[in-house]
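This report refers to the structure that appears directly beneath it.
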Amino acid sequence: PSADDLADEMEDVDFDDEAAEEPDAEAWETEDDEGVEDGMEAQDDSEVTFSLHSASVFCVSLDPKTNTLAVTGGEDDKAFVWRVSDGELLFECSGHKDSVTCAGFSHDSVFVATGDMSGLIKVWRVDTKEEVWSFEVGDLEWMEWHPQAHVLLAGTADGNSWMWKIPSGDCKTFQGPACPATCGRILPDGKRAVVGYEDGTMRIWDLKQGTSLHVLKGQDGHQDPLTCVASNQDGSLIMTGSVDCHAKLVNSATGKVVCVFKMESMAPKVPTGEGEEAESNSVESLGFCNVMPLAAVGYLDGTLAIYDLSTQSLRHKCQHESGIVQLLWEESSAVVYTCSLDGVVRLWDARSGKMISEYRGHSAEILDFAVNKDASIVVTTSGDHQAKVFCVQRPDR
């Protein structure tokens with residue numbers, strides 16, 4: 001048989017299991033990159049590839065306590081908890097009937113929660129691998145664990161946000177406007193949460209009382225659906241991002257807008273025909289730096305904007321070839337990580353605006369990623385059905 005025939009046969013073989021026992025497994029990946037047309041998968045900088053998902057992998061979280069476990073959820077209606085060091089499966093979070101879009105560990109890594117688009121949320125005890133609680137809500141938009149307690153918060157398409165004690169299931173709901181609660185975040189004090197809605201409004205909720213402390217709407221709100229919210233380390237400032245291309249800085253105590261960051265789209269203005277939508281440059285992700293008064297905003301057109309909060313001005317503009325999906329700040333330095341539709345993870349020095357390094361290995365867009373506490377590894381999930389672990393070497397360490 002010719003080399004091509006062999007290659008065709010090889011395609012059906014899954015090397016991942018064998019690779020574990022085989023010291024030369026690396027050779028499989030590096031010997032023949034000629035077949036790659038777009039060059040995207042020619043280079044693989046990752047240390048570990050997790051490939052038990054059979055469709056796009058939408059979300060990933062690392063366990064906060066040890067950073068040794070990851071949970072991933074995908075379009076194949078599956079979620080897995082696995083070891084970051086070698087990609088070894090710990091257990092499957094079974095029973096979902098729709099794409100798993102949310103997954104995360106409790107603050108102490110005792111529980112892991114998985115949520116699918118249809119609104120089925122399940123919680124598992126990590127050490128026993130047993131399901132301890134499940135609940136069904138309306139279509140799920142987002143889900144987050146409380147930073148200090150076994151409490152889960154989630155937002156749904158009917159505008160409600162739900163809060164449960166785990167595993168008892170005691171429940172509270174926060175009624176928003178009659179439109180999806182598109183994003184939410186529990187503030188660091190653990191007593192309040194900020195929730196953004198599809199109608200452009202934002203509310204700060206008192207979690208204990210169940211009442212809304214501040215509502216931003218009209219001129220104070222956004223003109224289009226909110227896409228993301230973040231808070232700084234002490235929770236005094238909130239940032240909201242929207243499809244309307246604006247990011248707003250809000251004082252969480254007063255509910256007042258401190259300033260609005262607007263980004264003109266880099267794309268050339270194309271006159272739109274009758275009834276056509278103008279290309280919007282939505283804010284896809286944002287976050288605050290812990291060590292300097294800086295905030296980062298990632299846009300759909302590939303712009304990473306670094307804003308100086310003390311002067312409320314644009315400090316750097318870092319351009320990507322394709323849209324930014326998500327950004328994260330390193331916990332204790334002024335370094336921003338971005339992942340984008342071109343399947344690459346990039347590290348940026350927010351002080352200089354320069355790119356530090358980039359990591360490749362995915363053959364499709366990266367959909368989510370997580371960075372461990374000491375910023376030595378990045379775990380990514382992608383439309384190529386894989387999750388990957390990259391060791392991030394930094395020359396300045």
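Each chain of the structure tokens is named A, B, ... in the order shown, its residues numbered from 1; ligands are numbered from 1 in display order.
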Please provide the set of residues having any atom within 9 Å of Phe58 in chain A, restricted to only C-alpha atoms, with same-chain residues fewer than 3 positions apart removed, written as a ChimeraX atom specification.
-> /A:72-75,99-102,366-368,381-383
For the residues in the current selection, export N, CA and C atoms as a short mmCIF file (atom, residue, chain, number, x, y, z; two decimals), in the first residue's frame.
data_model
loop_
_atom_site.label_atom_id
_atom_site.label_comp_id
_atom_site.auth_asym_id
_atom_site.auth_seq_id
_atom_site.Cartn_x
_atom_site.Cartn_y
_atom_site.Cartn_z
N THR A 72 -14.55 20.33 31.54
CA THR A 72 -14.89 20.88 30.23
C THR A 72 -16.28 20.43 29.84
N GLY A 73 -16.99 21.29 29.11
CA GLY A 73 -18.33 20.96 28.64
C GLY A 73 -18.42 21.24 27.15
N GLY A 74 -19.23 20.44 26.44
CA GLY A 74 -19.25 20.60 25.00
C GLY A 74 -20.59 20.42 24.33
N GLU A 75 -20.53 20.59 23.01
CA GLU A 75 -21.71 20.50 22.14
C GLU A 75 -22.21 19.06 22.04
N SER A 99 -26.25 20.83 24.80
CA SER A 99 -24.86 21.30 24.88
C SER A 99 -24.54 21.82 26.28
N VAL A 100 -23.42 21.36 26.84
CA VAL A 100 -22.98 21.84 28.15
C VAL A 100 -22.18 23.14 27.93
N THR A 101 -22.77 24.26 28.35
CA THR A 101 -22.18 25.57 28.07
C THR A 101 -21.57 26.21 29.31
N CYS A 102 -21.87 25.66 30.50
CA CYS A 102 -21.34 26.22 31.74
C CYS A 102 -20.79 25.08 32.60
N ILE A 366 -10.64 29.14 19.39
CA ILE A 366 -10.66 28.82 20.82
C ILE A 366 -11.95 29.45 21.39
N LEU A 367 -12.71 28.66 22.14
CA LEU A 367 -14.01 29.11 22.63
C LEU A 367 -13.97 29.53 24.10
N ASP A 368 -13.00 29.01 24.84
CA ASP A 368 -12.88 29.38 26.25
C ASP A 368 -11.48 28.99 26.71
N THR A 381 -10.19 25.45 25.24
CA THR A 381 -11.15 24.56 24.58
C THR A 381 -11.48 25.16 23.21
N SER A 382 -11.84 24.29 22.27
CA SER A 382 -11.91 24.77 20.90
C SER A 382 -13.01 24.10 20.09
N GLY A 383 -13.31 24.72 18.96
CA GLY A 383 -14.24 24.15 18.00
C GLY A 383 -13.68 22.91 17.32
#
Contacts of range 319-326 of chain A at 9 Å (only C-alpha atoms; same-chain gap of 2+ positions) as a ChimeraX atom specification | /A:283-286,298-305,317,328,337-342,365-369
Return as a ChimeraX atom specification the full set of residues in range 140-298 of chain A whose backbone-based DSSP assignment is strand (DSSP E or B).
-> /A:140-145,151-156,160-165,171-175,181-186,192-197,202-206,211-216,226-231,237-242,246-251,257-262,283-288,294-298
Between A:Phe50, A:Trp162, A:Phe105, A:Trp142, which one has atoms that come closest to Ser118 in chain A, using only C-alpha atoms?
->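 Of the candidates, the smallest distance to Ser118 in chain A is held by A:Trp142.
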Of the listed residues A:Ala79, A:Ala295, A:Val378, A:Val151, that which approaches Ala334 in chain A most closely, counting only C-alpha atoms |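 Checking each candidate against Ala334 in chain A, we get A:Ala295 as the closest.
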Would you mind telling me which residue in A:Val336, A:His362, A:Arg351, A:Ser161 lies nearest to Asp308 in chain A when using only C-alpha atoms?
->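 Checking each candidate against Asp308 in chain A, we get A:Arg351 as the closest.
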Top pick for closest residue to Gln223 in chain A, considering A:Asp199, A:Gly235, A:Gly210, A:Ser46 and counting only C-alpha atoms =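 Smallest separation from Gln223 in chain A among the options: A:Asp199.
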Could you pull the residues within 10 Å of range 214-219 of chain A, counting only C-alpha atoms, minus those fewer than 4 positions along the same chain, as a PyMOL selection string?
-> chain A and resi 194-196+199-206+223+250+252-257
Could you take the residues named above and write them with C-alpha atoms, as an mmCIF file, in the first residue's frame?
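Result file out.cif:
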data_model
loop_
_atom_site.group_PDB
_atom_site.id
_atom_site.type_symbol
_atom_site.label_atom_id
_atom_site.label_comp_id
_atom_site.auth_asym_id
_atom_site.auth_seq_id
_atom_site.Cartn_x
_atom_site.Cartn_y
_atom_site.Cartn_z
ATOM 1 C CA VAL A 194 -24.231 42.350 39.028
ATOM 2 C CA VAL A 195 -26.437 41.054 36.208
ATOM 3 C CA GLY A 196 -26.668 42.325 32.627
ATOM 4 C CA ASP A 199 -32.436 45.033 26.811
ATOM 5 C CA GLY A 200 -29.211 46.887 27.712
ATOM 6 C CA THR A 201 -30.006 47.284 31.409
ATOM 7 C CA MET A 202 -27.774 46.277 34.301
ATOM 8 C CA ARG A 203 -28.802 45.581 37.884
ATOM 9 C CA ILE A 204 -26.852 45.241 41.095
ATOM 10 C CA TRP A 205 -28.656 42.797 43.387
ATOM 11 C CA ASP A 206 -28.504 42.386 47.143
ATOM 12 C CA GLN A 223 -28.223 50.496 23.760
ATOM 13 C CA VAL A 250 -19.628 51.889 37.111
ATOM 14 C CA SER A 252 -20.761 49.716 42.506
ATOM 15 C CA ALA A 253 -21.628 51.607 45.705
ATOM 16 C CA THR A 254 -23.540 54.432 43.993
ATOM 17 C CA GLY A 255 -24.571 52.708 40.781
ATOM 18 C CA LYS A 256 -23.295 55.736 38.838
ATOM 19 C CA VAL A 257 -21.501 55.491 35.502
#
